[in-house]
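Structure file run_32.txt (compact mmCIF, C-alpha atoms) follows.
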# COMPACT_ATOMS: atom_id res chain seq x y z
CA MET A 1 31.78 -14.68 28.46
CA ILE A 2 28.80 -16.36 26.78
CA LYS A 3 28.98 -19.24 29.28
CA LEU A 4 28.97 -16.78 32.16
CA PHE A 5 25.95 -15.00 30.69
CA ALA A 6 24.09 -18.32 30.21
CA LYS A 7 24.82 -19.30 33.83
CA ALA A 8 23.63 -15.94 35.14
CA SER A 9 20.45 -16.23 33.04
CA ARG A 10 19.68 -19.64 34.53
CA TYR A 11 20.00 -18.26 38.05
CA ALA A 12 17.85 -15.28 37.12
CA VAL A 13 15.11 -17.57 35.75
CA LEU A 14 15.28 -19.74 38.89
CA LEU A 15 15.06 -16.63 41.06
CA LEU A 16 12.05 -15.36 39.12
CA MET A 17 10.30 -18.74 39.35
CA SER A 18 10.90 -19.01 43.08
CA TRP A 19 9.65 -15.44 43.54
CA ALA A 20 6.48 -16.29 41.59
CA VAL A 21 5.89 -19.46 43.64
CA PHE A 22 6.54 -17.54 46.87
CA GLY A 23 4.08 -14.86 45.74
CA TRP A 24 1.29 -17.32 45.04
CA ALA A 25 2.05 -19.07 48.34
CA GLN A 26 0.96 -15.90 50.19
CA ILE A 27 -2.56 -16.02 48.77
CA GLY A 28 -4.99 -17.87 50.97
CA VAL A 29 -7.48 -18.03 53.81
CA TYR A 30 -5.60 -17.75 57.11
CA THR A 31 -8.46 -17.92 59.52
CA THR A 32 -12.15 -18.71 59.19
CA LEU A 33 -15.11 -16.81 60.62
CA GLU A 34 -15.74 -19.58 63.17
CA GLU A 35 -12.11 -19.46 64.40
CA VAL A 36 -12.15 -15.68 64.78
CA LEU A 37 -15.49 -15.74 66.62
CA GLN A 38 -14.18 -18.45 68.95
CA GLU A 39 -11.03 -16.46 69.69
CA ALA A 40 -12.91 -13.19 70.12
CA PHE A 41 -15.78 -14.48 72.25
CA PRO A 42 -14.60 -17.63 74.04
CA GLU A 43 -17.23 -17.45 76.77
CA VAL A 44 -20.30 -15.89 75.18
CA GLU A 45 -22.36 -16.46 72.07
CA PRO A 46 -21.92 -13.23 70.07
CA GLU A 47 -24.83 -11.53 68.33
CA GLN A 48 -24.57 -10.13 64.84
CA GLN A 49 -25.65 -6.50 64.65
CA THR A 50 -25.78 -3.85 61.96
CA LEU A 51 -24.77 -0.23 62.13
CA TRP A 52 -26.55 2.10 59.72
CA LEU A 53 -24.37 4.79 58.21
CA THR A 54 -26.38 7.88 57.42
CA LYS A 55 -25.13 10.63 55.14
CA GLU A 56 -24.24 12.68 58.22
CA THR A 57 -22.33 9.77 59.78
CA LYS A 58 -20.42 9.12 56.56
CA SER A 59 -19.60 12.78 56.23
CA GLN A 60 -18.39 12.92 59.85
CA PHE A 61 -16.29 9.79 59.24
CA LYS A 62 -14.63 11.38 56.20
CA ASP A 63 -13.99 14.65 58.03
CA GLU A 64 -12.35 12.84 60.95
CA LEU A 65 -10.42 10.03 59.27
CA GLY A 66 -9.81 11.56 55.84
CA PHE A 67 -11.16 8.72 53.70
CA GLU A 68 -14.57 7.49 52.66
CA ILE A 69 -16.49 4.61 54.15
CA HIS A 70 -18.40 2.49 51.64
CA GLY A 71 -21.96 1.27 51.96
CA LEU A 72 -24.88 2.34 54.09
CA ARG A 73 -24.77 -0.53 56.56
CA GLN A 74 -21.93 -2.24 58.42
CA ARG A 75 -22.23 -5.63 60.12
CA TYR A 76 -20.42 -6.54 63.30
CA TRP A 77 -20.54 -9.03 66.12
CA VAL A 78 -21.06 -8.00 69.70
CA GLY A 79 -20.62 -9.92 72.93
CA GLU A 80 -20.32 -8.40 76.40
CA GLU A 81 -18.58 -5.06 75.77
CA ARG A 82 -16.56 -6.27 72.78
CA THR A 83 -17.22 -5.73 69.08
CA LEU A 84 -15.70 -7.66 66.21
CA TRP A 85 -15.38 -5.95 62.83
CA ILE A 86 -14.63 -7.79 59.61
CA LEU A 87 -13.51 -5.24 57.05
CA GLU A 88 -12.10 -5.44 53.56
CA GLU A 89 -9.67 -3.04 51.94
CA ILE A 90 -7.74 -3.19 48.69
CA GLY A 91 -3.97 -3.50 49.18
CA LYS A 92 -2.70 -2.96 45.69
CA GLU A 93 -5.21 -4.72 43.44
CA TYR A 94 -7.28 -7.13 45.50
CA PRO A 95 -9.22 -6.81 48.76
CA ILE A 96 -7.66 -8.11 51.97
CA THR A 97 -10.08 -9.34 54.66
CA PHE A 98 -9.22 -8.18 58.18
CA ALA A 99 -10.80 -8.84 61.56
CA TYR A 100 -10.46 -6.43 64.51
CA LEU A 101 -11.67 -7.09 68.01
CA VAL A 102 -12.32 -3.84 69.88
CA GLU A 103 -13.08 -3.23 73.56
CA GLU A 104 -13.04 0.06 75.48
CA ASP A 105 -11.89 1.95 72.36
CA GLN A 106 -8.77 -0.16 71.90
CA VAL A 107 -7.95 -3.01 69.55
CA LEU A 108 -7.59 -6.33 71.38
CA PHE A 109 -6.40 -8.19 68.31
CA ALA A 110 -6.10 -7.77 64.56
CA GLN A 111 -6.17 -10.70 62.16
CA VAL A 112 -5.67 -11.18 58.43
CA MET A 113 -8.46 -13.56 57.45
CA GLU A 114 -7.90 -13.77 53.71
CA TYR A 115 -5.02 -12.43 51.64
CA ARG A 116 -5.42 -12.18 47.87
CA GLU A 117 -2.38 -10.13 46.73
CA THR A 118 0.82 -11.81 45.47
CA ARG A 119 3.14 -9.58 47.54
CA GLY A 120 2.94 -8.22 51.05
CA GLY A 121 1.41 -11.23 52.79
CA GLU A 122 3.92 -10.89 55.64
CA ILE A 123 1.35 -8.75 57.43
CA ARG A 124 -0.42 -11.98 58.41
CA HIS A 125 2.40 -12.94 60.79
CA SER A 126 1.93 -12.36 64.50
CA PHE A 127 5.17 -10.30 64.82
CA PHE A 128 3.50 -7.66 62.66
CA ARG A 129 -0.11 -8.00 63.83
CA GLN A 130 0.84 -7.66 67.50
CA GLN A 131 1.67 -4.02 66.86
CA PHE A 132 -2.10 -3.39 66.75
CA ASP A 133 -2.77 -4.92 70.17
CA GLY A 134 -3.91 -2.16 72.50
CA ILE A 135 -3.85 0.53 69.80
CA ARG A 136 -6.32 3.42 70.08
CA LEU A 137 -7.52 6.40 68.06
CA LYS A 138 -6.00 9.67 69.18
CA GLU A 139 -7.00 12.83 67.33
CA SER A 140 -8.19 10.68 64.39
CA LYS A 141 -4.84 8.89 64.13
CA LEU A 142 -3.53 5.65 65.61
CA ASP A 143 -1.85 6.50 68.90
CA ARG A 144 1.21 4.45 68.02
CA ARG A 145 3.45 4.22 64.97
CA ILE A 146 3.15 0.96 63.03
CA ASP A 147 6.51 -0.27 61.73
CA GLY A 148 6.27 -1.15 58.06
CA ILE A 149 7.52 -4.19 56.17
CA THR A 150 9.66 -3.76 53.06
CA GLY A 151 7.66 -4.78 50.01
CA ALA A 152 4.37 -4.77 51.92
CA THR A 153 3.80 -1.02 52.27
CA LEU A 154 0.35 -1.01 50.65
CA SER A 155 -0.84 -3.98 52.73
CA VAL A 156 0.49 -2.35 55.92
CA ASN A 157 -1.32 0.87 54.98
CA ALA A 158 -4.55 -1.06 54.31
CA MET A 159 -4.35 -2.80 57.71
CA SER A 160 -3.66 0.48 59.54
CA LYS A 161 -6.47 2.23 57.68
CA MET A 162 -8.99 -0.49 58.57
CA ALA A 163 -7.82 -0.45 62.22
CA LYS A 164 -8.79 3.24 62.34
CA GLN A 165 -12.13 2.41 60.71
CA ALA A 166 -12.83 -0.40 63.20
CA LEU A 167 -12.03 1.87 66.18
CA TRP A 168 -14.23 4.64 64.78
CA LEU A 169 -17.10 2.24 64.07
CA HIS A 170 -16.82 0.74 67.57
CA ARG A 171 -17.15 4.21 69.09
CA GLU A 172 -20.13 4.97 66.84
CA ALA A 173 -21.83 1.63 67.61
CA THR A 174 -21.26 2.08 71.34
CA ASN A 175 -22.64 5.63 71.26
CA GLN A 176 -25.73 4.55 69.30
CA SER A 177 -26.51 1.69 71.66
CA MET B 1 -0.41 12.12 14.71
CA LEU B 2 2.56 12.15 17.10
CA ALA B 3 2.40 15.92 17.46
CA THR B 4 -1.37 16.03 17.97
CA THR B 5 -1.44 13.21 20.51
CA GLY B 6 1.58 14.77 22.27
CA ILE B 7 -0.22 18.11 22.65
CA LEU B 8 -3.40 16.40 23.88
CA ILE B 9 -1.45 14.30 26.41
CA ASN B 10 0.21 17.47 27.71
CA HIS B 11 -3.23 18.92 28.44
CA ALA B 12 -4.82 15.65 29.63
CA GLN B 13 -5.56 17.04 33.09
CA THR B 14 -7.15 20.25 31.80
CA LEU B 15 -9.24 18.29 29.32
CA SER B 16 -10.21 15.69 32.01
CA LEU B 17 -9.16 12.89 29.65
CA SER B 18 -8.64 10.43 32.52
CA GLU B 19 -12.23 10.68 33.64
CA THR B 20 -13.97 9.14 30.62
CA ARG B 21 -13.74 5.56 29.44
CA ILE B 22 -13.26 5.09 25.70
CA PRO B 23 -16.23 3.64 23.77
CA SER B 24 -16.33 -0.16 23.66
CA TRP B 25 -16.10 -0.30 19.83
CA LEU B 26 -12.90 1.76 19.91
CA ALA B 27 -11.41 -0.39 22.68
CA ALA B 28 -12.32 -3.57 20.77
CA TRP B 29 -10.85 -2.23 17.51
CA SER B 30 -7.65 -0.65 18.80
CA TYR B 31 -6.75 -3.21 21.52
CA ASN B 32 -8.12 -6.23 19.65
CA LEU B 33 -10.33 -7.13 22.64
CA LYS B 34 -12.31 -10.34 22.60
CA GLU B 35 -15.99 -10.49 23.54
CA ASN B 36 -16.77 -11.60 27.10
CA ASP B 37 -19.71 -13.58 28.41
CA ILE B 38 -22.02 -11.17 30.22
CA GLN B 39 -24.76 -12.30 32.57
CA SER B 40 -27.61 -9.91 33.20
CA ILE B 41 -30.84 -9.76 35.10
CA ARG B 42 -33.52 -7.08 35.22
CA LEU B 43 -35.63 -6.24 38.23
CA GLY B 44 -37.99 -3.31 37.65
CA GLU B 45 -35.92 -0.20 37.04
CA ILE B 46 -32.70 -1.98 38.04
CA GLU B 47 -30.45 -3.91 35.69
CA ALA B 48 -27.55 -5.97 37.05
CA GLU B 49 -24.79 -7.16 34.73
CA THR B 50 -21.53 -8.98 35.40
CA ASP B 51 -18.57 -10.48 33.62
CA GLY B 52 -17.82 -12.66 36.66
CA VAL B 53 -15.50 -10.03 38.15
CA GLU B 54 -17.27 -6.67 38.19
CA LEU B 55 -20.94 -6.09 38.91
CA TRP B 56 -22.65 -3.15 37.22
CA VAL B 57 -25.94 -2.08 38.71
CA SER B 58 -27.81 0.48 36.61
CA ALA B 59 -30.96 2.48 37.18
CA ASN B 60 -32.15 5.48 35.17
CA GLY B 61 -28.84 5.77 33.32
CA VAL B 62 -26.70 5.78 36.49
CA THR B 63 -24.37 2.82 36.99
CA HIS B 64 -22.76 1.70 40.25
CA THR B 65 -19.79 -0.66 39.98
CA SER B 66 -18.88 -3.22 42.61
CA ASP B 67 -17.70 -6.81 42.35
CA CYS B 68 -19.30 -10.16 41.70
CA SER B 69 -17.31 -13.30 42.28
CA GLU B 70 -18.09 -16.03 39.76
CA ASN B 71 -21.63 -16.39 38.36
CA LEU B 72 -24.67 -14.18 38.79
CA ILE B 73 -27.33 -16.29 40.47
CA GLY B 74 -30.38 -14.05 40.80
CA ALA B 75 -31.94 -10.86 42.12
CA ARG B 76 -34.98 -10.04 44.18
CA ARG B 77 -36.58 -7.08 45.94
CA PHE B 78 -37.19 -7.24 49.71
CA ALA B 79 -39.16 -4.20 50.89
CA GLU B 80 -37.02 -1.26 49.68
CA GLU B 81 -33.84 -3.28 49.25
CA ILE B 82 -32.71 -5.03 46.09
CA TRP B 83 -30.59 -8.13 46.74
CA ILE B 84 -28.35 -9.26 43.90
CA SER B 85 -26.76 -12.65 44.43
CA CYS B 86 -23.55 -13.86 42.87
CA GLU B 87 -22.09 -17.27 43.62
CA ASN B 88 -20.00 -16.11 46.59
CA GLN B 89 -21.52 -12.83 47.70
CA ILE B 90 -24.71 -10.81 47.81
CA SER B 91 -24.80 -7.08 47.04
CA ILE B 92 -27.66 -5.15 48.59
CA TYR B 93 -28.82 -1.91 46.98
CA LEU B 94 -31.33 0.86 47.60
CA VAL B 95 -32.61 3.03 44.80
CA GLU B 96 -32.75 6.56 46.14
CA ALA B 97 -33.93 9.35 43.88
CA GLY B 98 -33.51 6.98 40.93
CA THR B 99 -29.85 6.27 41.74
CA PRO B 100 -28.60 2.84 42.85
CA GLU B 101 -26.79 3.09 46.18
CA LEU B 102 -24.85 0.19 47.72
CA VAL B 103 -26.09 -0.71 51.19
CA GLU B 104 -23.62 -3.52 51.85
CA GLN B 105 -21.99 -6.60 50.43
CA ILE B 106 -22.20 -9.82 52.38
CA ASN B 107 -20.01 -12.86 51.86
CA VAL B 108 -18.69 -15.88 53.74
CA TYR B 109 -17.15 -13.54 56.35
CA SER B 110 -20.62 -12.21 57.19
CA GLY B 111 -21.86 -15.77 57.62
CA LEU B 112 -23.28 -16.17 54.10
CA PRO B 113 -23.44 -19.84 53.04
CA ASN B 114 -21.44 -20.41 49.88
CA PRO B 115 -21.24 -21.23 47.05
CA ILE B 116 -24.81 -20.19 46.29
CA SER B 117 -26.59 -22.27 43.66
CA ARG B 118 -30.07 -20.68 43.89
CA PHE B 119 -31.37 -17.41 45.31
CA GLY B 120 -34.88 -16.26 46.03
CA ALA B 121 -37.46 -15.71 48.74
CA CYS B 122 -38.99 -18.05 51.23
CA ASN B 123 -41.83 -16.69 53.33
CA LEU B 124 -40.91 -13.18 52.16
CA ALA B 125 -37.33 -13.42 53.48
CA PRO B 126 -34.11 -13.84 51.45
CA CYS B 127 -33.28 -17.46 50.86
CA VAL B 128 -30.33 -19.29 49.32
CA GLU B 129 -29.55 -22.83 48.37
CA SER B 130 -25.97 -23.87 49.02
CA GLN B 131 -24.56 -27.37 48.75
CA SER B 132 -28.09 -28.84 48.51
CA GLN B 133 -29.12 -27.12 51.77
CA LEU B 134 -31.65 -24.30 52.10
CA PHE B 135 -30.89 -21.25 54.25
CA ARG B 136 -33.28 -18.47 55.22
CA TYR B 137 -32.09 -15.03 56.29
CA SER B 138 -33.32 -13.85 59.67
CA GLN B 139 -33.99 -10.10 59.54
CA LEU B 140 -34.01 -10.02 63.34
CA GLN B 141 -30.84 -11.95 64.09
CA PHE B 142 -28.99 -10.93 60.88
CA ASN B 143 -27.91 -14.49 60.22
CA TRP B 144 -28.70 -17.40 57.90
CA GLN B 145 -30.66 -20.26 59.36
CA ILE B 146 -31.27 -23.71 57.93
CA ALA B 147 -34.72 -23.87 56.34
CA GLU B 148 -36.78 -26.93 55.60
CA ALA B 149 -38.16 -27.20 52.08
CA GLU B 150 -41.56 -28.35 53.26
CA ASN B 151 -42.00 -25.47 55.75
CA GLY B 152 -42.61 -22.53 53.53
CA MET B 153 -43.17 -21.11 50.10
CA PHE B 154 -40.17 -20.67 47.85
CA PHE B 155 -39.95 -18.24 44.99
CA TRP B 156 -36.64 -18.65 43.25
CA SER B 157 -35.29 -15.77 41.23
CA GLU B 158 -35.42 -16.05 37.46
CA GLU B 159 -32.14 -17.14 35.92
CA PRO B 160 -29.87 -14.48 34.43
CA GLN B 161 -29.51 -14.15 30.67
CA THR B 162 -26.14 -14.58 29.02
CA SER B 163 -24.91 -12.51 26.09
CA LYS B 164 -21.61 -11.45 24.53
CA ALA B 165 -20.14 -7.96 24.85
CA PHE B 166 -16.87 -6.09 24.94
CA ILE B 167 -15.77 -5.13 28.44
CA VAL B 168 -13.77 -1.95 28.61
CA PRO B 169 -11.49 -2.06 31.66
CA LEU B 170 -11.83 0.89 34.07
CA GLU B 171 -8.31 2.12 33.30
CA LEU B 172 -8.99 2.40 29.56
CA ASN B 173 -9.77 6.10 29.47
CA TRP B 174 -8.96 8.68 26.77
CA HIS B 175 -5.67 9.62 28.45
CA ARG B 176 -4.43 6.02 28.42
CA TRP B 177 -5.63 5.55 24.83
CA LEU B 178 -3.73 8.65 23.63
CA LEU B 179 -0.60 7.52 25.48
CA ASP B 180 -0.84 4.11 23.81
CA LEU B 181 -1.51 5.67 20.39
CA HIS B 182 1.41 8.06 20.87
CA SER B 183 3.81 5.24 21.74
CA GLY B 184 2.63 2.69 19.16
CA ARG B 185 1.02 0.25 21.56
CA LEU B 186 -2.26 0.07 19.66
CA PHE B 187 -3.20 -2.24 16.77
CA GLY B 188 -0.60 -4.88 17.72
CA SER B 189 2.65 -5.05 15.72
CA ILE B 190 1.21 -2.84 12.94
CA GLY B 191 0.90 0.01 15.46
CA VAL B 192 4.58 -0.25 16.35
CA PHE B 193 5.49 -0.36 12.64
CA ILE B 194 3.42 2.76 11.85
CA VAL B 195 4.92 4.75 14.74
CA ASP B 196 8.42 3.57 13.73
CA LEU B 197 7.82 4.70 10.14
CA THR B 198 6.42 8.04 11.32
CA GLY B 199 9.47 8.59 13.55
CA ILE B 200 11.91 7.66 10.76
CA ALA B 201 10.05 9.87 8.26
CA LEU B 202 10.27 12.76 10.72
CA LEU B 203 14.03 12.23 11.12
CA ILE B 204 14.54 12.07 7.34
CA LEU B 205 12.52 15.24 6.81
CA VAL B 206 14.45 17.14 9.47
CA THR B 207 17.87 15.88 8.26
CA THR B 208 17.21 16.50 4.54
CA GLY B 209 15.68 19.87 5.42
CA ILE B 210 18.84 20.93 7.28
CA ILE B 211 21.08 19.65 4.43
CA ARG B 212 19.03 21.55 1.83
CA TRP B 213 19.05 24.68 3.97
CA LEU B 214 22.85 24.47 4.40
CA ARG B 215 23.33 24.03 0.65
CA ILE B 216 21.10 26.97 -0.22
CA ARG B 217 22.79 29.06 2.48
CA GLY B 218 26.25 28.15 1.02
CA LYS B 219 25.18 29.11 -2.51
CA THR B 220 23.73 32.42 -1.33
CA LYS B 221 27.01 33.37 0.44
CA CYS B 222 29.07 32.65 -2.70
Target format structure tokens, applied to this file:
Amino acid sequence: MIKLFAKASRYAVLLLMSWAVFGWAQIGVYTTLEEVLQEAFPEVEPEQQTLWLTKETKSQFKDELGFEIHGLRQRYWVGEERTLWILEEIGKEYPITFAYLVEEDQVLFAQVMEYRETRGGEIRHSFFRQQFDGIRLKESKLDRRIDGITGATLSVNAMSKMAKQALWLHREATNQS
Amino acid sequence: MLATTGILINHAQTLSLSETRIPSWLAAWSYNLKENDIQSIRLGEIEAETDGVELWVSANGVTHTSDCSENLIGARRFAEEIWISCENQISIYLVEAGTPELVEQINVYSGLPNPISRFGACNLAPCVESQSQLFRYSQLQFNWQIAEAENGMFFWSEEPQTSKAFIVPLELNWHRWLLDLHSGRLFGSIGVFIVDLTGIALLILVTTGIIRWLRIRGKTKC
């Protein structure tokens, strides 16, 4: 009985260690700013622009999307009719850096640039990210359901939330210009 | 103690106990916290402090909390904006009606060169030194451009001061403190021992009380 317990404990320790190593392995930079800019604007040199968020704009944002937008100014890149938004949102404890390319009020691609949490990094894979391709805002919600990933619920929520923010900001930036 | 803390915990929401951090001396004493290195810099009415993780920007008694990765490098005012540079990001603030308000945070994903070793102004524009190279911020193109040391006047920010202080984590509010006191998580192993003793004493009192009551009741019936 004691031998069986000792054996089970060894496996449990091994399992815990491998889980910890796997967790740390998810943390990292997956794409750089230069790579994203190249992918987003292969034929033009994009310009960096800023969008000022007045109290009225922030209030309208909160009324429509149901969460607050931080800061008074948001940077983005623009080239032809496309805008690229690099946004950060906390998954569970640490911010995740996302990039969204938007054209004609729909997301062309979504990328995870840097992941800092120990769990949930599966959202960086293309099988998950492709769900955002072509997604739009419809009545302040994404027009399509995003399938979750077990164990990555908070990261999935963060990515969906920032997709809504990017689409809203694109509309606002387009209207202002 | 158990009863009082229990009652207070039950009414934590009504008493808004989760909304106030406990004082730093109480946190240091009850959780045996160690002092952290704090870097600070003052710029007019603004004071910026960091422990290398959080950045606290205070003006007229109001504090805004954001983050600061690694060391505080410097701070400088550009027109109405106050730029506070940490090693890997810059936080830009406005002071409106005496209250610090975050304009934006810029980092490597906004094109900021990093790590930053010096921060200041060159020809009235924000300027950083990163990996022995100077970069000047273009207010028109919103990007950082390589600057030549001989082509301009540089005014580097004064270096931050370092001191020691207790940092009370955001989650250490009165509700959490009462929960920890109630369950013996404070004061290390002594806290557990005290709560154990209190619990045992309570059990003894209740048990002996019932025994005495039963005896007296038996005598009365006879």
Q | Residues of chain A within 12 Å of chain B, all atoms listed in the file counted, as a ChimeraX atom specification | A | /A:29,31-37,46-55,69-78,84-88,94-99,112-114
Would you put the residues from that selection into a file with C-alpha atoms, as a tab-separated table (two decimals), in the frame of the given file?
chain	number	residue	atom	x	y	z
A	29	VAL	CA	-7.48	-18.03	53.81
A	31	THR	CA	-8.46	-17.92	59.52
A	32	THR	CA	-12.15	-18.71	59.19
A	33	LEU	CA	-15.11	-16.81	60.62
A	34	GLU	CA	-15.74	-19.58	63.17
A	35	GLU	CA	-12.11	-19.46	64.40
A	36	VAL	CA	-12.15	-15.68	64.78
A	37	LEU	CA	-15.49	-15.74	66.62
A	46	PRO	CA	-21.92	-13.23	70.07
A	47	GLU	CA	-24.83	-11.53	68.33
A	48	GLN	CA	-24.57	-10.13	64.84
A	49	GLN	CA	-25.65	-6.50	64.65
A	50	THR	CA	-25.78	-3.85	61.96
A	51	LEU	CA	-24.77	-0.23	62.13
A	52	TRP	CA	-26.55	2.10	59.72
A	53	LEU	CA	-24.37	4.79	58.21
A	54	THR	CA	-26.38	7.88	57.42
A	55	LYS	CA	-25.13	10.63	55.14
A	69	ILE	CA	-16.49	4.61	54.15
A	70	HIS	CA	-18.40	2.49	51.64
A	71	GLY	CA	-21.96	1.27	51.96
A	72	LEU	CA	-24.88	2.34	54.09
A	73	ARG	CA	-24.77	-0.53	56.56
A	74	GLN	CA	-21.93	-2.24	58.42
A	75	ARG	CA	-22.23	-5.63	60.12
A	76	TYR	CA	-20.42	-6.54	63.30
A	77	TRP	CA	-20.54	-9.03	66.12
A	78	VAL	CA	-21.06	-8.00	69.70
A	84	LEU	CA	-15.70	-7.66	66.21
A	85	TRP	CA	-15.38	-5.95	62.83
A	86	ILE	CA	-14.63	-7.79	59.61
A	87	LEU	CA	-13.51	-5.24	57.05
A	88	GLU	CA	-12.10	-5.44	53.56
A	94	TYR	CA	-7.28	-7.13	45.50
A	95	PRO	CA	-9.22	-6.81	48.76
A	96	ILE	CA	-7.66	-8.11	51.97
A	97	THR	CA	-10.08	-9.34	54.66
A	98	PHE	CA	-9.22	-8.18	58.18
A	99	ALA	CA	-10.80	-8.84	61.56
A	112	VAL	CA	-5.67	-11.18	58.43
A	113	MET	CA	-8.46	-13.56	57.45
A	114	GLU	CA	-7.90	-13.77	53.71
Q: May I ask for the distance between atom CA of A:Arg136 and atom CA of A:Asp63, given in Å to one decimal place?
A: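 Rounded to one decimal, the two atoms are 18.2 Å apart.
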Extending 6 Å beyond the listed atoms of stretch 79-85 of chain A on each side, what axis-aligned box results? I want centre and edge lengths in Å to one decimal, as AutoDock Vina command-line options.
--center_x -18.0 --center_y -7.5 --center_z 69.6 --size_x 17.2 --size_y 16.9 --size_z 25.6
Q: Between B:Ala121, B:Ile116, B:Leu15, B:Ala75, single out the one closest to B:Glu87, counting all atoms listed in the file.
A: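 Smallest distance to B:Glu87 is found for B:Ile116.
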Q) In file coordinates, which residues lie within 9 Å of (3.1, 2.8, 59.1) using all atoms listed in the file, given as a count of residues only? A) 9
Q | Long-range neighbours of B:Asp51 as a list in words, 10 Å cut-off, only C-alpha atoms, 3 positions minimum in chain | A |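 My list of contacting residues is Asn36, Asp37, Ile38, Gln39, Ser40, Glu54, Leu55, Trp56, Asp67, Cys68, Ser69, Glu70, Asn71, Leu72, Thr162, Lys164, Ala165, Phe166 and Ile167 of chain B.
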Q. Once you count only C-alpha atoms, which residues end up no further than 12 Å from (-28.7, -15.1, 45.5) in the file's frame, shown as an NGL selection string?
A. :B and (41 or 68-69 or 71-77 or 82-92 or 105-107 or 112-121 or 125-130 or 134-137 or 155-160)
Q: Fewer than 5 positions away in the same chain doesn't count, so skip those; otherwise give me all residues within 10 Å of B:Val168, counting only C-alpha atoms, as a count of residues only.
A: 10
Q: Quote the spacing between atom CA of B:Gly191 and atom CA of B:Tyr31 in Å to one decimal place.
A: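 It comes out at 10.3 Å.
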Q) Could you work out how far atom CA of A:Tyr30 lies from atom CA of A:Val44, giving the answer in Å with one decimal? A) 23.4 Å
